[in-house]
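Visitor: Following this line is run.txt, made up of compact mmCIF, C-alpha atoms and all ligand atoms:
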```txt
# COMPACT_ATOMS: atom_id res chain seq x y z
CA MET A 1 15.83 5.37 -60.91
CA SER A 2 17.36 8.75 -60.11
CA ASP A 3 18.38 8.92 -56.49
CA SER A 4 20.08 12.25 -55.95
CA VAL A 5 19.08 12.55 -52.27
CA PRO A 6 21.50 10.44 -50.19
CA SER A 7 19.93 8.05 -47.71
CA PRO A 8 19.77 9.38 -44.13
CA LEU A 9 22.71 8.47 -41.90
CA VAL A 10 20.37 7.65 -39.03
CA GLU A 11 16.78 6.45 -39.25
CA PHE A 12 14.24 5.38 -36.66
CA GLN A 13 11.39 3.31 -38.00
CA HIS A 14 8.44 2.87 -35.64
CA VAL A 15 10.72 2.73 -32.62
CA THR A 16 9.20 2.04 -29.23
CA PHE A 17 11.34 2.15 -26.12
CA ALA A 18 10.50 1.76 -22.43
CA TYR A 19 12.45 1.77 -19.19
CA PRO A 20 11.37 -0.84 -16.68
CA GLY A 21 9.71 0.76 -13.66
CA ALA A 22 8.46 -0.40 -10.28
CA THR A 23 4.88 -0.30 -11.54
CA GLY A 24 5.56 -1.68 -15.01
CA ASP A 25 7.34 -0.38 -18.09
CA ARG A 26 7.46 3.36 -18.61
CA VAL A 27 7.19 4.09 -22.32
CA ILE A 28 9.59 6.86 -23.33
CA LEU A 29 9.33 6.62 -27.11
CA ASN A 30 6.19 5.37 -28.74
CA ASP A 31 6.28 4.46 -32.44
CA VAL A 32 8.85 7.11 -33.31
CA THR A 33 9.89 7.50 -36.95
CA LEU A 34 12.58 10.05 -37.72
CA SER A 35 15.55 10.60 -39.99
CA VAL A 36 18.84 12.42 -39.69
CA PRO A 37 20.16 13.61 -43.06
CA ARG A 38 23.85 13.16 -43.93
CA GLY A 39 26.12 16.15 -43.77
CA LYS A 40 23.57 18.30 -41.96
CA VAL A 41 23.04 19.65 -38.46
CA THR A 42 19.90 18.16 -36.93
CA ALA A 43 18.56 19.55 -33.67
CA LEU A 44 16.68 17.30 -31.29
CA MET A 45 14.52 19.31 -28.96
CA GLY A 46 11.61 18.88 -26.60
CA ALA A 47 10.58 19.07 -23.00
CA SER A 48 12.87 17.82 -20.29
CA GLY A 49 12.56 14.06 -19.84
CA GLY A 50 11.07 13.70 -23.31
CA GLY A 51 13.60 11.09 -24.38
CA LYS A 52 16.22 13.07 -26.30
CA THR A 53 19.21 11.49 -24.56
CA THR A 54 17.47 8.14 -24.97
CA VAL A 55 17.42 8.69 -28.74
CA LEU A 56 21.21 9.23 -28.65
CA ARG A 57 21.69 6.10 -26.55
CA LEU A 58 19.65 4.06 -29.01
CA ILE A 59 21.81 5.32 -31.88
CA GLY A 60 24.98 4.45 -29.97
CA GLY A 61 23.58 1.02 -29.09
CA GLN A 62 23.76 1.64 -25.32
CA GLN A 63 20.03 0.93 -25.27
CA LYS A 64 17.94 -1.35 -27.45
CA ALA A 65 14.56 -0.57 -28.95
CA LYS A 66 11.67 -2.66 -27.72
CA SER A 67 10.26 -2.71 -31.21
CA GLY A 68 10.97 -0.99 -34.51
CA GLU A 69 14.33 -0.35 -36.12
CA VAL A 70 17.19 2.01 -35.37
CA LEU A 71 19.38 2.23 -38.46
CA PHE A 72 22.88 3.69 -38.64
CA ASP A 73 24.14 3.93 -42.21
CA GLY A 74 21.47 1.44 -43.26
CA ARG A 75 22.29 -1.20 -40.64
CA GLU A 76 20.14 -2.03 -37.67
CA VAL A 77 22.09 -1.08 -34.54
CA GLY A 78 20.22 -3.55 -32.32
CA ARG A 79 21.28 -6.47 -34.51
CA LEU A 80 25.00 -5.73 -34.73
CA SER A 81 27.43 -8.15 -33.13
CA GLN A 82 29.60 -6.78 -30.33
CA THR A 83 32.51 -6.29 -32.76
CA GLU A 84 30.30 -4.60 -35.33
CA LEU A 85 28.82 -2.35 -32.65
CA TYR A 86 32.27 -1.23 -31.51
CA ALA A 87 33.19 -0.57 -35.14
CA ALA A 88 29.99 1.48 -35.59
CA ARG A 89 30.69 3.44 -32.39
CA ARG A 90 34.10 4.39 -33.69
CA ARG A 91 32.29 6.17 -36.49
CA MET A 92 30.35 8.21 -33.93
CA GLY A 93 31.65 10.97 -31.70
CA MET A 94 29.71 11.75 -28.58
CA LEU A 95 29.92 14.88 -26.54
CA PHE A 96 27.93 14.59 -23.37
CA GLN A 97 26.69 17.43 -21.25
CA PHE A 98 29.87 18.82 -19.80
CA GLY A 99 32.23 16.62 -21.82
CA ALA A 100 34.28 15.82 -18.71
CA LEU A 101 38.02 15.99 -19.30
CA PHE A 102 40.57 13.84 -17.51
CA THR A 103 41.72 16.29 -14.85
CA ASP A 104 45.21 14.80 -14.51
CA LEU A 105 45.97 14.99 -18.24
CA SER A 106 46.96 18.12 -20.17
CA VAL A 107 44.76 19.50 -22.94
CA PHE A 108 47.05 17.79 -25.46
CA ASP A 109 46.92 14.41 -23.72
CA ASN A 110 43.15 14.63 -23.33
CA VAL A 111 42.74 15.01 -27.07
CA ALA A 112 45.39 12.39 -27.80
CA PHE A 113 43.70 9.86 -25.50
CA PRO A 114 41.33 8.20 -28.03
CA LEU A 115 44.15 7.94 -30.59
CA ARG A 116 46.45 6.23 -28.10
CA GLU A 117 43.62 4.01 -26.94
CA HIS A 118 42.19 2.98 -30.31
CA THR A 119 44.99 3.25 -32.87
CA SER A 120 48.62 2.25 -33.16
CA LEU A 121 49.71 5.52 -34.74
CA THR A 122 53.17 6.84 -33.97
CA GLU A 123 53.54 9.68 -31.45
CA GLU A 124 54.68 11.90 -34.31
CA LEU A 125 51.44 11.38 -36.22
CA ILE A 126 49.40 11.69 -33.04
CA ARG A 127 51.01 15.06 -32.43
CA ASP A 128 50.04 16.33 -35.88
CA ILE A 129 46.46 15.10 -35.59
CA VAL A 130 45.99 16.49 -32.07
CA LEU A 131 47.36 19.90 -33.06
CA MET A 132 45.13 19.93 -36.15
CA LYS A 133 42.04 19.21 -34.08
CA LEU A 134 43.02 21.73 -31.42
CA ASN A 135 43.53 24.23 -34.21
CA ALA A 136 40.03 23.53 -35.51
CA VAL A 137 38.60 24.58 -32.13
CA GLY A 138 41.00 27.52 -31.76
CA LEU A 139 43.04 26.01 -28.93
CA ARG A 140 46.31 24.94 -30.52
CA GLY A 141 48.08 27.40 -28.23
CA ALA A 142 46.48 25.92 -25.12
CA ARG A 143 47.92 22.44 -25.61
CA ASP A 144 50.07 22.44 -22.46
CA LEU A 145 47.43 23.74 -20.07
CA MET A 146 45.78 21.49 -17.51
CA PRO A 147 41.96 21.31 -17.39
CA SER A 148 41.99 23.32 -14.13
CA GLU A 149 43.63 26.17 -16.04
CA VAL A 150 41.04 26.54 -18.80
CA SER A 151 37.62 28.24 -18.66
CA GLY A 152 34.37 26.28 -18.92
CA GLY A 153 33.89 27.35 -22.53
CA MET A 154 37.44 26.31 -23.40
CA ALA A 155 37.04 22.97 -21.65
CA ARG A 156 33.98 22.38 -23.83
CA ARG A 157 36.08 23.05 -26.92
CA VAL A 158 38.82 20.67 -25.75
CA ALA A 159 36.17 18.00 -25.29
CA LEU A 160 34.95 18.78 -28.79
CA ALA A 161 38.47 18.38 -30.22
CA ARG A 162 38.66 15.03 -28.43
CA ALA A 163 35.27 13.97 -29.82
CA ILE A 164 36.41 14.60 -33.40
CA VAL A 165 39.92 13.24 -33.09
CA LEU A 166 39.05 9.84 -34.60
CA ASP A 167 37.30 11.55 -37.54
CA PRO A 168 33.75 10.41 -36.80
CA GLU A 169 31.06 10.54 -39.48
CA LEU A 170 28.42 11.40 -36.91
CA ILE A 171 28.80 13.59 -33.89
CA MET A 172 26.19 13.73 -31.17
CA TYR A 173 26.12 16.68 -28.80
CA ASP A 174 24.06 16.37 -25.64
CA GLU A 175 23.29 19.87 -24.41
CA PRO A 176 26.53 21.45 -25.58
CA PHE A 177 25.39 24.91 -24.50
CA ALA A 178 24.38 24.12 -20.92
CA GLY A 179 25.92 26.58 -18.49
CA LEU A 180 27.62 28.77 -21.09
CA ASP A 181 27.38 32.56 -21.07
CA PRO A 182 25.75 34.10 -24.17
CA ILE A 183 29.03 34.86 -25.93
CA SER A 184 30.57 31.42 -25.37
CA LEU A 185 27.22 29.95 -26.36
CA GLY A 186 27.24 31.78 -29.68
CA THR A 187 30.84 30.70 -30.29
CA ALA A 188 30.07 27.07 -29.44
CA ALA A 189 27.06 27.07 -31.78
CA GLN A 190 29.07 28.56 -34.64
CA LEU A 191 31.82 26.02 -34.00
CA ILE A 192 29.39 23.13 -34.28
CA ARG A 193 28.12 24.50 -37.58
CA GLN A 194 31.63 25.18 -38.87
CA LEU A 195 33.02 21.76 -37.92
CA ASN A 196 30.02 20.11 -39.49
CA ASP A 197 30.67 21.87 -42.77
CA THR A 198 34.46 21.81 -42.90
CA LEU A 199 34.81 18.20 -41.77
CA GLY A 200 31.79 17.05 -43.78
CA ILE A 201 30.25 15.26 -40.80
CA THR A 202 26.67 14.77 -39.68
CA SER A 203 25.70 16.42 -36.40
CA ILE A 204 22.89 15.83 -33.93
CA VAL A 205 22.48 18.52 -31.29
CA VAL A 206 20.27 17.98 -28.26
CA SER A 207 19.60 21.41 -26.87
CA HIS A 208 17.18 23.54 -24.93
CA ASP A 209 18.43 26.76 -26.40
CA LEU A 210 15.85 27.61 -29.02
CA GLU A 211 17.44 30.66 -30.53
CA GLU A 212 21.00 29.42 -31.09
CA THR A 213 19.86 25.96 -32.07
CA PHE A 214 17.34 27.17 -34.62
CA ARG A 215 20.03 29.43 -36.03
CA ILE A 216 22.52 26.65 -36.78
CA ALA A 217 20.23 23.70 -37.53
CA ASP A 218 19.25 22.48 -40.99
CA LYS A 219 16.57 20.28 -39.50
CA VAL A 220 14.68 20.38 -36.21
CA ILE A 221 12.95 17.41 -34.60
CA ILE A 222 10.69 18.06 -31.64
CA LEU A 223 9.91 15.19 -29.30
CA ALA A 224 6.87 15.45 -27.08
CA ASN A 225 4.76 13.00 -25.14
CA GLY A 226 6.69 10.01 -26.50
CA GLY A 227 6.27 10.96 -30.14
CA ILE A 228 7.45 13.37 -32.80
CA ALA A 229 5.54 16.64 -32.59
CA ALA A 230 7.33 18.09 -35.61
CA GLN A 231 10.28 17.56 -37.90
CA GLY A 232 11.36 19.90 -40.65
CA THR A 233 13.41 22.98 -41.34
CA PRO A 234 13.58 25.53 -38.49
CA GLU A 235 11.27 27.71 -40.58
CA GLU A 236 8.67 24.94 -40.99
CA VAL A 237 8.77 24.08 -37.29
CA LEU A 238 8.42 27.72 -36.24
CA HIS A 239 5.30 28.02 -38.34
CA SER A 240 3.78 24.74 -37.23
CA THR A 241 0.21 25.03 -36.03
CA ASP A 242 0.49 21.91 -33.87
CA PRO A 243 -0.36 22.94 -30.27
CA LEU A 244 2.56 20.87 -28.84
CA VAL A 245 5.02 22.63 -31.10
CA HIS A 246 3.43 25.99 -30.47
CA GLN A 247 3.81 25.45 -26.74
CA PHE A 248 7.43 24.45 -27.19
CA VAL A 249 8.60 27.20 -29.47
CA ASN A 250 6.82 29.74 -27.34
CA ALA A 251 8.22 28.16 -24.17
CA LEU A 252 4.88 27.95 -22.43
CA ALA A 253 4.71 26.13 -19.12
CA GLU A 254 1.07 25.14 -19.58
CA GLY A 255 -0.17 23.26 -22.60
CA PRO A 256 -0.30 19.73 -23.94
CA VAL A 257 3.18 18.92 -22.54
CA GLN A 258 2.87 18.68 -18.80
CA PHE A 259 5.42 20.51 -16.66
CA HIS A 260 5.14 17.97 -13.82
CA TYR A 261 6.74 14.53 -13.91
CA PRO A 262 3.90 12.03 -13.38
CA GLY A 263 3.38 11.14 -9.71
CA PRO A 264 0.96 11.36 -6.83
CA SER A 265 -1.45 14.30 -6.93
CA GLU A 266 -0.73 17.45 -4.94
CA ALA A 267 -3.62 16.57 -2.65
CA ASP A 268 -2.02 13.16 -1.95
CA ASP A 269 1.32 14.69 -1.07
CA PHE A 270 0.32 17.91 0.61
CA GLY A 271 -3.25 17.33 1.80
CA SER A 272 -6.47 18.57 0.22
CA GLN A 273 -5.90 22.22 1.27
CA ALA A 274 -2.60 22.31 -0.60
CA SER A 275 -1.77 25.45 -2.51
CA VAL A 276 1.64 24.55 -3.89
CA GLY A 277 3.74 27.46 -5.02
CA LYS A 278 1.60 30.03 -3.19
CA GLU A 279 3.18 31.73 -0.28
CA LYS A 280 1.54 31.27 3.08
CA ARG A 281 0.57 34.50 4.72
CA PRO A 282 1.49 34.83 8.39
N1 LIG B 301 18.45 4.45 -16.85
C1 LIG B 301 17.17 4.84 -16.69
N2 LIG B 301 16.28 4.07 -16.03
C2 LIG B 301 15.00 4.44 -15.90
N3 LIG B 301 14.48 5.59 -16.41
C3 LIG B 301 15.32 6.40 -17.08
C4 LIG B 301 16.70 6.08 -17.26
N4 LIG B 301 17.29 7.07 -17.97
C5 LIG B 301 16.31 7.97 -18.22
N5 LIG B 301 15.13 7.57 -17.70
C6 LIG B 301 13.83 8.28 -17.81
O1 LIG B 301 13.50 8.35 -19.19
C7 LIG B 301 12.94 9.62 -19.51
C8 LIG B 301 13.66 10.21 -20.69
O2 LIG B 301 14.98 10.53 -20.31
P1 LIG B 301 16.00 11.26 -21.28
O3 LIG B 301 17.26 11.49 -20.52
O4 LIG B 301 16.09 10.54 -22.56
O5 LIG B 301 15.24 12.66 -21.51
P2 LIG B 301 15.76 14.02 -22.13
O6 LIG B 301 14.73 14.45 -23.12
O7 LIG B 301 17.15 13.87 -22.62
O8 LIG B 301 15.72 14.95 -20.85
P3 LIG B 301 16.56 16.27 -20.45
O9 LIG B 301 16.24 17.31 -21.49
O10 LIG B 301 15.99 16.61 -19.11
O11 LIG B 301 18.00 15.86 -20.42
C9 LIG B 301 13.00 10.46 -18.25
O12 LIG B 301 11.71 10.52 -17.70
C10 LIG B 301 13.93 9.70 -17.32
O13 LIG B 301 13.47 9.79 -16.00
```
Please render this file's structure as structure tokens.
Guide:
Amino acid sequence: MSDSVPSPLVEFQHVTFAYPGATGDRVILNDVTLSVPRGKVTALMGASGGGKTTVLRLIGGQQKAKSGEVLFDGREVGRLSQTELYAARRRMGMLFQFGALFTDLSVFDNVAFPLREHTSLTEELIRDIVLMKLNAVGLRGARDLMPSEVSGGMARRVALARAIVLDPELIMYDEPFAGLDPISLGTAAQLIRQLNDTLGITSIVVSHDLEETFRIADKVIILANGGIAAQGTPEEVLHSTDPLVHQFVNALAEGPVQFHYPGPSEADDFGSQASVGKEKRP
């Protein structure tokens, strides 16, 4: 059998996940099947609260699927022993929203932290690795600065250097562009693409920024209403005729994905004469 396409690094097979709620379980993912190809940049997009971060947490084993399988490199994450799970997590880098740095450690020591914590490498080797990673994000010269002395965009890059310092096979970015100005955003996006290709890693990017994300992604997965509305190349997704996807790529507030988090009706909260969002005239 010829098998030239490598197996995906991450696969979800019929995954259902719910958070317990006061009035019963709240289903966040319902029978979700998706795959993340090796060596590629996969974007995970969808309306706020749609479960994107939950997908990352299921991959990292911080949450467990209610049913279905979450596979990392062919092994079911939910069935790993504690030791195996830690070993799997060391193969994953995670960069959460603002990638908080330790404020009392220099840029260098921030990046060195995982190496000192998880390896017994000599300080000499640590120095070389840290400077190599800082070089990869263009900040070798900033090694002695404290986090309070770097800009937001630079801090993001330091956090990125720290996330790749243990040479992960998979790197998960949760909203890496949040709060960045357009120029830093473009740089950050290019950096994600470049690191993916030069380090030969697999990247998952959760993002709300359609333009930049579609530009750097090889694959786009759109989550909506607990399921997958689309998955394919950016081109395929852009031309999807699915109304959910159309709403999303055209950033429409009204459509099959509801803007409002489920809750009491406006009439319940504001009375039957409510006209929320409309200014009252004096
Ligand atoms: N620990 C928790 N306990 C209960 N509910 C949670 C918990 N974490 C998240 N949720 C709920 O699960 C849903 C999905 O959350 P998640 O963070 O995965 O969404 P998201 O797509 O990443 O959203 P955003 O784009 O706004 O970051 C949300 O409605 C949220 O309120």
Visitor: Which polymer residues have any atom within 9 Å of an atom of Ala65 (chain A), counting only C-alpha atoms, with same-chain residues fewer than 3 positions away left out, as an MDAnalysis selection string?
Guide: chainID A and resid 15:18 58 68:70 78
Visitor: Looking at all atoms listed in the file, which of A:Ile201, A:Ile171, A:Leu56, A:Leu34 is the one that sits closest to ligand LIG 301 (chain B)?
Guide: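 Closest to ligand LIG 301 (chain B), using all atoms listed in the file: A:Leu56.
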Visitor: Given all atoms listed in the file as the basis, pick out the residue of A:Tyr19, A:Phe113, A:Phe12, A:Phe108 nearest to Glu76 (chain A).
Guide: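 Of the candidates, the smallest distance to Glu76 (chain A) is held by A:Phe12.
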Visitor: Quote the spacing between CA of Arg127 (chain A) and CA of Pro168 (chain A) in Å to one decimal place.
Guide: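 Separating CA of Arg127 (chain A) from CA of Pro168 (chain A) is a distance of 18.4 Å.
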Visitor: List the spatial neighbours of Val5 (chain A) as a compact mmCIF listing (two decimals) with C-alpha atoms, in the frame of the given file - criterion: any atom at most 12 Å away, only C-alpha atoms, same-chain residues fewer than 6 positions off excluded.
Guide:
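Listed below is the output, selection-v4.txt:
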```
# COMPACT_ATOMS: atom_id res chain seq x y z
CA PRO A 37 20.16 13.61 -43.06
CA ARG A 38 23.85 13.16 -43.93
CA GLY A 39 26.12 16.15 -43.77
```
Visitor: Go through A:Met172, A:Ala100, A:Leu160, A:Ala224 one by one, measure the shortest atom-to-atom distance of each to ligand LIG 301 (chain B) using all atoms listed in the file, and give the residue with the smallest value.
Guide: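 Answer, going by the shortest atom-to-atom distance: A:Ala224.
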Visitor: Please, what is the axis-aligned box for every listed atom of ligand LIG 301 (chain B) with 8 Å on each side, as centre and edge lengths in Å to one decimal, as AutoDock Vina command-line options?
Guide:
```
--center_x 15.1 --center_y 10.7 --center_z -19.5 --size_x 22.7 --size_y 29.2 --size_z 23.2
```
Visitor: With only C-alpha atoms as the atoms that count, which of A:Val130, A:Ala43, A:Leu180, A:Val205 lies nearest to Pro234 (chain A)?
Guide: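 The shortest atom-to-atom distance to Pro234 (chain A) comes from A:Ala43.
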Visitor: Just give me the gap between CA of Arg140 (chain A) and CA of Leu105 (chain A) in Å, one decimal is fine.
Guide: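 Between CA of Arg140 (chain A) and CA of Leu105 (chain A) the gap is 15.8 Å.
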Visitor: Kindly compile the residues surrounding ligand LIG 301 (chain B) within 6 Å, counting all atoms listed in the file, and format them as a list in words.
Guide: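 Selection of residues at most 6 Å from ligand LIG 301 (chain B): Tyr19, Ile28, Ser48, Gly49, Gly50, Gly51, Lys52, Thr53 and Thr54 of chain A.
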Visitor: How far is it from CA of Ala230 (chain A) to CA of Gln13 (chain A), in Å with one decimal?
Guide: 15.5 Å
Visitor: Mind checking which residues fall within 10 Å of Arg79 (chain A), counting all atoms listed in the file, ignoring those fewer than 3 positions away in the same chain, and posting them as number ranges by chain?
Guide: A: 61, 64, 69-71, 75-76, 82, 84-85
Visitor: Would you kindly identify which residues have an atom no farther than 6 Å from (22.7, 5.1, -42.9), using only C-alpha atoms and the file's own coordinates, and write them out as number ranges by chain?
Guide: A: 8-10, 72-74
Visitor: Mind rebuilding region 191-205 of chain A with N, CA and C atoms and writing that out as a JSON list (two decimals), in the frame of the given file?
Guide:
```json
[["chain", "number", "residue", "atom", "x", "y", "z"],
["A", 191, "LEU", "N", 30.79, 27.05, -33.85],
["A", 191, "LEU", "CA", 31.82, 26.02, -34.00],
["A", 191, "LEU", "C", 31.20, 24.69, -34.46],
["A", 192, "ILE", "N", 30.07, 24.37, -33.89],
["A", 192, "ILE", "CA", 29.39, 23.13, -34.28],
["A", 192, "ILE", "C", 29.03, 23.18, -35.76],
["A", 193, "ARG", "N", 28.51, 24.32, -36.18],
["A", 193, "ARG", "CA", 28.12, 24.50, -37.58],
["A", 193, "ARG", "C", 29.36, 24.40, -38.50],
["A", 194, "GLN", "N", 30.41, 25.10, -38.06],
["A", 194, "GLN", "CA", 31.63, 25.18, -38.87],
["A", 194, "GLN", "C", 32.30, 23.81, -39.00],
["A", 195, "LEU", "N", 32.39, 23.08, -37.87],
["A", 195, "LEU", "CA", 33.02, 21.76, -37.92],
["A", 195, "LEU", "C", 32.20, 20.83, -38.79],
["A", 196, "ASN", "N", 30.89, 20.94, -38.69],
["A", 196, "ASN", "CA", 30.02, 20.11, -39.49],
["A", 196, "ASN", "C", 30.34, 20.31, -40.98],
["A", 197, "ASP", "N", 30.48, 21.57, -41.36],
["A", 197, "ASP", "CA", 30.67, 21.87, -42.77],
["A", 197, "ASP", "C", 32.09, 21.61, -43.25],
["A", 198, "THR", "N", 33.09, 21.99, -42.42],
["A", 198, "THR", "CA", 34.46, 21.81, -42.90],
["A", 198, "THR", "C", 34.88, 20.34, -42.86],
["A", 199, "LEU", "N", 34.41, 19.61, -41.86],
["A", 199, "LEU", "CA", 34.81, 18.20, -41.77],
["A", 199, "LEU", "C", 33.85, 17.29, -42.53],
["A", 200, "GLY", "N", 32.76, 17.84, -43.02],
["A", 200, "GLY", "CA", 31.79, 17.05, -43.78],
["A", 200, "GLY", "C", 31.14, 15.96, -42.94],
["A", 201, "ILE", "N", 30.87, 16.27, -41.66],
["A", 201, "ILE", "CA", 30.25, 15.26, -40.80],
["A", 201, "ILE", "C", 28.75, 15.51, -40.68],
["A", 202, "THR", "N", 28.09, 14.63, -39.97],
["A", 202, "THR", "CA", 26.67, 14.77, -39.68],
["A", 202, "THR", "C", 26.57, 15.06, -38.19],
["A", 203, "SER", "N", 25.78, 16.06, -37.81],
["A", 203, "SER", "CA", 25.70, 16.42, -36.40],
["A", 203, "SER", "C", 24.28, 16.31, -35.87],
["A", 204, "ILE", "N", 24.18, 15.81, -34.64],
["A", 204, "ILE", "CA", 22.89, 15.83, -33.93],
["A", 204, "ILE", "C", 23.12, 16.63, -32.66],
["A", 205, "VAL", "N", 22.31, 17.64, -32.46],
["A", 205, "VAL", "CA", 22.48, 18.52, -31.29],
["A", 205, "VAL", "C", 21.22, 18.45, -30.44]]
```
